[in-house]
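**Q** Dropping in query12.txt, which is compact mmCIF, C-alpha atoms and all ligand atoms:
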# COMPACT_ATOMS: atom_id res chain seq x y z
CA MET A 132 -26.40 58.03 -2.76
CA TYR A 133 -25.58 61.02 -0.60
CA LYS A 134 -28.49 63.21 0.35
CA LYS A 135 -28.54 66.93 1.03
CA LEU A 136 -29.22 67.21 4.75
CA PHE A 137 -32.22 69.24 5.88
CA ILE A 138 -32.01 67.60 9.30
CA PRO A 139 -31.03 69.51 12.46
CA GLY A 140 -27.55 68.03 12.61
CA PRO A 141 -25.33 66.98 11.15
CA THR A 142 -25.99 69.62 8.52
CA HIS A 143 -24.89 70.07 4.92
CA VAL A 144 -21.12 70.62 4.66
CA VAL A 145 -19.76 72.62 1.70
CA ASP A 146 -16.78 71.41 -0.36
CA GLU A 147 -14.45 74.14 0.90
CA ILE A 148 -14.90 72.81 4.44
CA LEU A 149 -14.48 69.19 3.37
CA GLU A 150 -11.22 70.20 1.70
CA ALA A 151 -10.06 71.98 4.87
CA MET A 152 -10.59 68.68 6.72
CA ALA A 153 -8.10 67.04 4.35
CA MET A 154 -5.12 69.14 5.50
CA PRO A 155 -1.79 67.39 6.12
CA MET A 156 -1.54 66.47 9.81
CA ILE A 157 0.41 68.68 12.21
CA GLY A 158 1.61 67.99 15.76
CA HIS A 159 -0.60 69.39 18.48
CA ARG A 160 2.40 70.71 20.44
CA ASP A 161 3.83 72.34 17.32
CA THR A 162 3.55 76.12 17.03
CA LEU A 163 1.63 75.45 13.81
CA TYR A 164 -1.17 74.14 16.01
CA SER A 165 -1.04 76.87 18.65
CA ASP A 166 -1.08 79.52 15.93
CA LEU A 167 -4.16 77.88 14.42
CA HIS A 168 -5.85 77.50 17.83
CA GLY A 169 -5.16 81.14 18.73
CA GLU A 170 -6.56 82.32 15.41
CA VAL A 171 -9.78 80.34 15.77
CA VAL A 172 -10.35 81.46 19.36
CA GLY A 173 -9.77 85.10 18.41
CA LYS A 174 -12.36 84.87 15.65
CA LEU A 175 -14.86 83.12 17.93
CA LYS A 176 -14.48 85.81 20.60
CA LYS A 177 -15.26 88.49 18.07
CA PHE A 178 -18.19 86.52 16.64
CA LEU A 179 -19.71 85.77 20.07
CA HIS A 180 -19.00 89.23 21.52
CA THR A 181 -17.01 87.96 24.48
CA ASP A 182 -13.77 88.79 26.28
CA GLY A 183 -14.10 85.62 28.34
CA HIS A 184 -12.46 82.25 27.83
CA ILE A 185 -13.12 79.93 24.93
CA TYR A 186 -12.25 76.26 24.95
CA LEU A 187 -12.33 73.85 22.04
CA SER A 188 -13.51 70.51 23.31
CA THR A 189 -12.98 67.38 21.27
CA SER A 190 -16.33 65.83 22.04
CA SER A 191 -19.90 66.10 20.95
CA SER A 192 -21.93 68.78 22.71
CA THR A 193 -23.34 66.32 25.21
CA GLY A 194 -19.86 65.94 26.70
CA MET A 195 -19.68 69.62 27.51
CA MET A 196 -23.31 69.67 28.72
CA GLU A 197 -22.10 67.23 31.35
CA GLY A 198 -18.80 69.04 31.84
CA SER A 199 -20.38 72.44 32.45
CA ILE A 200 -22.61 71.03 35.20
CA ARG A 201 -19.67 69.28 36.84
CA ASN A 202 -17.64 72.49 36.77
CA LEU A 203 -20.24 74.82 38.21
CA VAL A 204 -22.61 72.89 40.45
CA ASN A 205 -21.71 71.38 43.81
CA LYS A 206 -25.27 70.69 44.90
CA LYS A 207 -28.30 72.35 43.45
CA VAL A 208 -29.20 73.44 39.95
CA LEU A 209 -32.33 74.66 38.18
CA MET A 210 -33.08 72.80 34.95
CA THR A 211 -35.57 73.84 32.27
CA ASP A 212 -37.34 71.11 30.28
CA CYS A 213 -39.09 72.16 27.07
CA GLY A 214 -38.23 69.17 24.92
CA ALA A 215 -35.82 66.32 24.33
CA PHE A 216 -32.47 68.10 24.60
CA SER A 217 -33.31 70.20 27.64
CA LYS A 218 -34.71 67.05 29.23
CA ARG A 219 -31.42 65.28 28.48
CA TRP A 220 -29.51 68.04 30.29
CA ALA A 221 -31.67 67.54 33.39
CA GLU A 222 -30.98 63.80 33.23
CA ILE A 223 -27.24 64.50 32.95
CA ALA A 224 -27.35 66.70 36.06
CA GLU A 225 -29.26 64.05 37.94
CA LEU A 226 -26.91 61.23 36.89
CA ASN A 227 -24.03 63.34 38.16
CA GLY A 228 -25.64 63.32 41.58
CA LYS A 229 -26.82 66.94 41.56
CA ASP A 230 -29.94 68.05 43.32
CA ILE A 231 -32.19 69.27 40.51
CA GLU A 232 -35.41 71.20 40.26
CA VAL A 233 -37.03 71.24 36.86
CA ILE A 234 -39.24 73.83 35.19
CA LYS A 235 -41.19 71.77 32.71
CA VAL A 236 -43.40 73.05 29.91
CA GLU A 237 -45.23 71.19 27.15
CA MET A 238 -43.29 70.44 23.96
CA GLY A 239 -43.69 73.45 21.67
CA GLN A 240 -43.76 75.96 24.54
CA ALA A 241 -40.94 78.23 25.68
CA ILE A 242 -39.24 78.88 29.01
CA THR A 243 -39.90 82.48 30.06
CA PRO A 244 -37.96 84.85 32.34
CA GLU A 245 -41.00 84.88 34.69
CA MET A 246 -40.78 81.11 35.21
CA VAL A 247 -37.05 81.30 35.91
CA ASP A 248 -37.59 84.22 38.31
CA GLU A 249 -40.28 82.33 40.22
CA TYR A 250 -38.04 79.30 40.79
CA LEU A 251 -34.82 81.18 41.52
CA SER A 252 -36.62 83.32 44.10
CA LYS A 253 -36.90 80.19 46.27
CA GLY A 254 -33.12 80.40 46.70
CA GLY A 255 -30.36 77.82 47.01
CA PHE A 256 -29.55 77.44 43.30
CA GLU A 257 -25.96 77.63 42.13
CA ALA A 258 -26.84 77.68 38.45
CA VAL A 259 -29.66 77.61 35.92
CA CYS A 260 -29.40 75.65 32.65
CA ILE A 261 -31.26 76.82 29.56
CA THR A 262 -31.45 75.32 26.09
CA HIS A 263 -31.35 78.27 23.71
CA ASN A 264 -32.85 76.50 20.73
CA GLU A 265 -34.83 73.35 21.59
CA THR A 266 -34.11 71.35 18.45
CA SER A 267 -36.79 68.77 19.15
CA THR A 268 -39.59 71.37 19.00
CA GLY A 269 -38.22 74.28 16.99
CA VAL A 270 -38.55 76.71 19.90
CA MET A 271 -35.99 79.39 20.66
CA ASN A 272 -36.03 80.43 24.30
CA PRO A 273 -35.43 84.10 25.23
CA ILE A 274 -31.93 83.75 26.69
CA LYS A 275 -31.18 87.44 26.36
CA GLU A 276 -34.08 88.27 28.70
CA ILE A 277 -33.37 85.33 31.01
CA GLY A 278 -29.64 86.04 31.16
CA THR A 279 -30.18 89.72 31.86
CA LEU A 280 -32.73 88.97 34.56
CA VAL A 281 -30.50 86.47 36.36
CA LYS A 282 -27.47 88.77 36.12
CA GLU A 283 -29.43 91.62 37.75
CA LYS A 284 -31.55 89.80 40.30
CA TYR A 285 -29.52 86.69 41.16
CA PRO A 286 -25.88 87.66 40.66
CA ASP A 287 -24.58 84.49 42.35
CA VAL A 288 -26.42 82.15 40.01
CA MET A 289 -24.46 80.93 36.99
CA VAL A 290 -26.27 80.92 33.64
CA LEU A 291 -25.44 77.89 31.48
CA VAL A 292 -26.67 77.82 27.91
CA ASP A 293 -26.90 74.98 25.43
CA ALA A 294 -26.68 76.89 22.14
CA VAL A 295 -25.95 73.78 20.09
CA SER A 296 -28.46 74.44 17.31
CA SER A 297 -28.47 78.26 17.49
CA MET A 298 -24.85 79.38 17.69
CA ALA A 299 -23.73 80.61 14.24
CA GLY A 300 -27.37 80.74 13.14
CA THR A 301 -28.43 83.68 15.29
CA ASP A 302 -26.53 86.38 17.16
CA ILE A 303 -25.46 85.58 20.71
CA LYS A 304 -24.02 88.41 22.81
CA VAL A 305 -22.36 86.32 25.47
CA ASP A 306 -21.01 89.02 27.80
CA GLU A 307 -23.79 91.58 27.44
CA TRP A 308 -26.48 88.99 28.16
CA GLY A 309 -24.67 87.70 31.25
CA LEU A 310 -24.16 84.15 29.98
CA ASP A 311 -21.51 82.28 31.97
CA VAL A 312 -21.24 79.19 29.80
CA VAL A 313 -22.43 78.87 26.22
CA LEU A 314 -21.71 75.65 24.37
CA ALA A 315 -22.25 74.40 20.82
CA GLY A 316 -21.11 71.47 18.71
CA THR A 317 -19.82 72.13 15.20
CA GLN A 318 -22.24 69.92 13.26
CA LYS A 319 -25.27 72.19 13.50
CA ALA A 320 -25.31 75.87 12.44
CA PHE A 321 -21.50 76.00 12.12
CA ALA A 322 -22.00 73.41 9.35
CA LEU A 323 -18.83 71.42 10.01
CA PRO A 324 -18.58 67.67 10.46
CA PRO A 325 -19.31 66.50 14.05
CA GLY A 326 -16.70 65.99 16.76
CA LEU A 327 -15.84 69.41 18.15
CA CYS A 328 -17.59 71.56 20.74
CA VAL A 329 -17.00 75.28 21.28
CA VAL A 330 -17.60 76.58 24.82
CA THR A 331 -17.40 80.10 26.24
CA VAL A 332 -16.64 80.45 29.96
CA SER A 333 -16.88 83.72 31.89
CA ASP A 334 -14.21 84.84 34.37
CA ARG A 335 -16.59 84.33 37.27
CA ALA A 336 -17.47 80.84 36.05
CA LEU A 337 -13.81 79.93 35.94
CA GLU A 338 -13.42 81.30 39.47
CA ARG A 339 -16.49 79.41 40.66
CA SER A 340 -15.21 76.15 39.20
CA ALA A 341 -12.19 76.39 41.50
CA SER A 342 -14.54 75.86 44.47
CA VAL A 343 -16.42 72.91 42.97
CA GLU A 344 -15.35 69.37 43.77
CA ASN A 345 -15.15 66.27 41.60
CA LYS A 346 -14.89 67.99 38.29
CA GLY A 347 -13.07 65.08 36.69
CA TYR A 348 -10.32 65.78 34.16
CA TYR A 349 -11.46 65.81 30.53
CA PHE A 350 -13.94 68.71 30.80
CA ASN A 351 -12.33 70.43 33.79
CA PHE A 352 -12.27 74.20 33.11
CA GLU A 353 -9.15 74.70 35.22
CA VAL A 354 -7.28 71.99 33.32
CA LEU A 355 -8.50 73.40 29.99
CA GLU A 356 -7.57 76.95 31.02
CA LYS A 357 -3.98 76.01 31.85
CA LYS A 358 -3.45 74.90 28.26
CA ALA A 359 -5.75 77.48 26.65
CA VAL A 360 -3.47 80.32 27.76
CA LYS A 361 -0.82 78.67 25.56
CA ASN A 362 -3.34 78.13 22.74
CA GLN A 363 -3.29 74.41 23.37
CA THR A 364 -5.56 71.70 24.68
CA PRO A 365 -4.76 69.17 27.45
CA ALA A 366 -5.48 66.16 25.21
CA THR A 367 -5.06 65.72 21.46
CA PRO A 368 -7.64 67.94 19.76
CA ALA A 369 -9.57 67.15 16.57
CA ILE A 370 -7.00 69.12 14.56
CA SER A 371 -8.74 68.72 11.20
CA LEU A 372 -11.94 70.14 12.67
CA VAL A 373 -10.12 73.06 14.26
CA ASN A 374 -8.67 73.81 10.84
CA ALA A 375 -12.11 73.55 9.24
CA LEU A 376 -13.55 75.84 11.93
CA ASN A 377 -10.87 78.41 11.14
CA VAL A 378 -11.84 78.32 7.47
CA GLN A 379 -15.52 78.48 8.41
CA MET A 380 -15.00 81.56 10.61
CA ASP A 381 -13.40 83.31 7.63
CA ARG A 382 -16.38 82.33 5.49
CA ILE A 383 -18.74 83.65 8.19
CA PHE A 384 -16.96 87.02 8.35
CA ALA A 385 -16.79 87.17 4.54
CA GLU A 386 -20.56 86.70 4.33
CA GLY A 387 -21.01 89.06 7.28
CA PRO A 388 -22.55 87.77 10.53
CA GLU A 389 -25.63 89.99 10.10
CA ASN A 390 -26.16 88.67 6.57
CA ARG A 391 -25.73 85.14 7.83
CA PHE A 392 -28.37 85.63 10.55
CA GLN A 393 -30.71 87.29 8.04
CA ARG A 394 -30.23 84.36 5.64
CA HIS A 395 -31.32 82.03 8.46
CA LEU A 396 -34.42 84.17 9.05
CA ASP A 397 -35.22 84.24 5.34
CA MET A 398 -34.97 80.44 5.11
CA ALA A 399 -37.07 80.10 8.28
CA GLU A 400 -39.70 82.49 6.94
CA HIS A 401 -39.95 80.52 3.71
CA VAL A 402 -40.45 77.23 5.57
CA ARG A 403 -42.92 78.81 8.00
CA SER A 404 -45.13 80.24 5.27
CA TRP A 405 -45.01 76.95 3.36
CA THR A 406 -45.98 75.22 6.61
CA ARG A 407 -48.86 77.61 7.33
CA LYS A 408 -50.17 77.09 3.82
CA ASN A 409 -50.00 73.29 3.79
CA PHE A 410 -49.82 72.10 7.40
CA ALA A 411 -49.56 74.07 10.65
CA LEU A 412 -46.79 75.25 12.92
CA TYR A 413 -46.59 73.09 16.01
CA SER A 414 -44.79 75.44 18.34
CA ASP A 415 -45.59 78.77 19.98
CA GLU A 416 -45.47 81.40 17.23
CA ASN A 417 -43.80 83.89 19.57
CA TYR A 418 -40.72 81.72 19.97
CA LEU A 419 -40.12 80.15 16.56
CA SER A 420 -36.58 79.00 15.87
CA PRO A 421 -34.57 80.56 13.05
CA THR A 422 -32.73 77.26 12.42
CA VAL A 423 -35.37 74.49 12.50
CA THR A 424 -39.13 74.33 11.95
CA ASN A 425 -41.36 71.74 13.55
CA VAL A 426 -44.21 71.07 11.14
CA HIS A 427 -47.46 69.82 12.69
CA ASN A 428 -48.48 66.92 10.48
CA THR A 429 -52.13 67.98 10.25
CA ARG A 430 -52.63 66.02 6.99
CA GLU A 431 -51.38 62.88 8.74
CA ILE A 432 -49.06 62.06 5.88
CA ASP A 433 -46.66 59.11 6.20
CA VAL A 434 -43.46 60.90 7.20
CA VAL A 435 -41.26 57.84 6.67
CA ALA A 436 -42.64 57.41 3.13
CA LEU A 437 -42.10 61.11 2.42
CA ASN A 438 -38.49 60.85 3.49
CA LYS A 439 -38.04 57.77 1.28
CA ALA A 440 -39.39 59.68 -1.71
CA LEU A 441 -37.16 62.64 -0.85
CA ALA A 442 -34.14 60.33 -0.63
CA GLU A 443 -34.69 59.37 -4.28
CA ARG A 444 -34.45 63.06 -5.10
CA GLY A 445 -31.36 63.52 -2.95
CA ALA A 446 -32.72 65.12 0.23
CA MET A 447 -33.41 64.18 3.82
CA ILE A 448 -35.64 65.76 6.49
CA SER A 449 -36.32 64.66 10.09
CA ASN A 450 -39.26 62.95 11.68
CA GLY A 451 -40.80 64.45 14.81
CA TYR A 452 -38.70 63.86 17.91
CA GLY A 453 -39.69 61.30 20.52
CA ALA A 454 -43.38 61.64 21.36
CA LEU A 455 -43.83 63.87 18.30
CA LYS A 456 -42.74 61.15 15.87
CA GLY A 457 -45.27 60.93 13.04
CA LYS A 458 -47.25 63.74 14.61
CA CYS A 459 -44.70 66.27 13.37
CA PHE A 460 -41.75 66.44 11.04
CA ARG A 461 -38.83 68.84 11.12
CA ILE A 462 -37.13 70.82 8.41
CA ALA A 463 -33.79 72.32 9.37
CA HIS A 464 -32.66 75.53 7.69
CA MET A 465 -29.27 76.22 9.13
CA GLY A 466 -25.58 76.41 8.45
CA ASP A 467 -24.59 76.60 4.81
CA LEU A 468 -28.00 75.92 3.29
CA GLN A 469 -29.35 78.73 1.10
CA LEU A 470 -32.87 80.03 0.56
CA ALA A 471 -32.85 78.39 -2.91
CA ASP A 472 -32.18 75.01 -1.25
CA LEU A 473 -35.27 75.37 0.93
CA GLN A 474 -37.36 76.52 -2.03
CA TRP A 475 -36.18 73.47 -3.94
CA LEU A 476 -37.00 71.23 -0.96
CA THR A 477 -40.55 72.50 -0.49
CA ASP A 478 -41.11 72.19 -4.27
CA GLN A 479 -40.07 68.53 -4.03
CA ILE A 480 -42.41 67.93 -1.10
CA ASP A 481 -45.28 69.65 -2.95
CA ASP A 482 -44.62 67.44 -5.94
CA ILE A 483 -44.39 64.22 -3.91
CA LEU A 484 -47.53 64.95 -1.90
CA GLY A 485 -49.42 66.55 -4.77
CA LEU A 486 -49.93 69.79 -2.82
C1 LIG A 501 -27.85 68.19 18.80
C2 LIG A 501 -28.12 68.79 20.11
C3 LIG A 501 -27.48 68.33 21.27
C4 LIG A 501 -26.61 67.12 21.29
O1 LIG A 501 -25.46 67.33 20.56
P1 LIG A 501 -24.41 66.14 20.35
O2 LIG A 501 -23.37 66.84 19.53
O3 LIG A 501 -25.12 65.06 19.64
O4 LIG A 501 -23.92 65.74 21.67
C5 LIG A 501 -27.74 68.99 22.45
N1 LIG A 501 -28.54 70.04 22.51
C6 LIG A 501 -29.17 70.52 21.42
C7 LIG A 501 -30.08 71.71 21.56
C8 LIG A 501 -28.97 69.92 20.19
O5 LIG A 501 -29.59 70.40 19.10
Please, can you express the file's structure as structure tokens?
**A**
Amino acid sequence: MYKKLFIPGPTHVVDEILEAMAMPMIGHRDTLYSDLHGEVVGKLKKFLHTDGHIYLSTSSSTGMMEGSIRNLVNKKVLMTDCGAFSKRWAEIAELNGKDIEVIKVEMGQAITPEMVDEYLSKGGFEAVCITHNETSTGVMNPIKEIGTLVKEKYPDVMVLVDAVSSMAGTDIKVDEWGLDVVLAGTQKAFALPPGLCVVTVSDRALERSASVENKGYYFNFEVLEKKAVKNQTPATPAISLVNALNVQMDRIFAEGPENRFQRHLDMAEHVRSWTRKNFALYSDENYLSPTVTNVHNTREIDVVALNKALAERGAMISNGYGALKGKCFRIAHMGDLQLADLQWLTDQIDDILGL
């Protein structure tokens, strides 16, 4: 039986999007494709408040996490580790032979502008990588403040942002906040099936990439740019997903981006108050994520058993990530889920646990 997904990716996909995936196939060098590509990119630029470049990468987000490092870092990069995904990015940089320094905080804590300032003031960094929404802990880092700080104080340092589980769930003002690269896969708050990654690239990042060696081919910004100006991609794109994204952008504008972001906050607020009443919030209350809540399992319930019972009722949540397995569990509230879905979910959990 299919379950409604309350996990932080892939997320619940509505029928209209599933139907958009079932379009007849078109050729990727046909004008039908370039028209579609151009339309999607135009809508994304408006949605993300950017006049920069946008590439559609047929890959999961991890591919572009690697690609962005390879495009913008010759030697040294500042990484920020506040959980599993930000840690993965540091590992990616290291495996690509980059010289990394890592700001590390405990799981559940945020990366602050002061920490970034302290490290960057040592000099020698070409870029800083920040995970906007650390999905493993339910923390949203202050990228507006960090981006603005770096832009003003360290104008040569590129700001790379993993917005995988925040983009389309909260507003991101790419240009105004000074973000050079912002990337996100489609299976989280965009609520599409997995397989496509959206990435914004600033003019100066594209220029910088020209001076970086060994960028490879698949994620090479210069290679992508050459085709992007013709509304194409160098390799065959995930056409069905691009079509679904186009439909989803229309749905987002029909709902209204502000209403969409407010809906995410309303769902988050419901889950947070349920959590405060029955368990406890694990992460720093000043940086709670609008898209996923990390519940501290203070009652020491059996999370695996809870998920089994939920499965019988047609729902699925996530265990704690890595070291937090069993100690926490996560409820995602992003994409096309509605407040009523979350109310239904917490009612089911109350009933199962006898709360
Ligand atoms: C899910 C996630 C990723 C990894 O995305 P993939 O599409 O699985 O590669 C990276 N970063 C964050 C913050 C995520 O939530």
**Q** Pick out the residues no farther than 8 Å from ligand LIG 501 (chain A), counting all atoms listed in the file, and list them as a PyMOL selection string.
**A** chain A and resi 139-140+190-194+196+216-217+219+262-267+293-297+315-319+325-326+328
**Q** Go through segment 378-466 of chain A residue by residue and, counting all atoms listed in the file, keep those with an atom at most 12 Å from segment 237-252 of chain A; for each kept residue give the shortest atom pair and its distance in Å to one decimal, ordered by chain and increasing number, as a tab-separated table.
**A**
residue	atom	partner	partner_atom	distance
A:Leu412	CA	A:Gly239	CA	9.5
A:Tyr413	CA	A:Gly239	CA	6.4
A:Ser414	CA	A:Gly239	CA	4.0
A:Asp415	CA	A:Gln240	CA	5.7
A:Glu416	CA	A:Gln240	CA	9.3
A:Asn417	CA	A:Ala241	CA	8.8
A:Tyr418	CA	A:Ala241	CA	6.7
A:Leu419	CA	A:Gly239	CA	9.2
A:Ser420	CA	A:Gly239	CA	10.7
A:Thr424	CA	A:Gly239	CA	10.8
A:Asn425	CA	A:Gly239	CA	8.6
A:Val426	CA	A:Gly239	CA	10.8
A:His427	CA	A:Gly239	CA	10.4
A:Gly451	CA	A:Met238	CA	11.2
A:Tyr452	CA	A:Met238	CA	10.0
A:Gly453	CA	A:Met238	CA	10.4
A:Ala454	CA	A:Met238	CA	9.2
A:Leu455	CA	A:Met238	CA	8.7
A:Cys459	CA	A:Gly239	CA	11.0
**Q** Have a look at A:Lys275, A:Phe137, A:Arg339, A:Lys176 and name the one nearest to Leu473 of chain A; count only C-alpha atoms.
**A** A:Phe137
**Q** What does the distance between atom CA of Trp308 of chain A and atom CA of Lys357 of chain A come to in Å, to one decimal place?
**A**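 A separation of 26.2 Å between them.
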**Q** So what do you get for atom CA of Tyr348 of chain A versus atom CA of Leu187 of chain A, distance-wise?
**A**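 One can read the atom CA of Tyr348 of chain A to atom CA of Leu187 of chain A distance as 14.7 Å.
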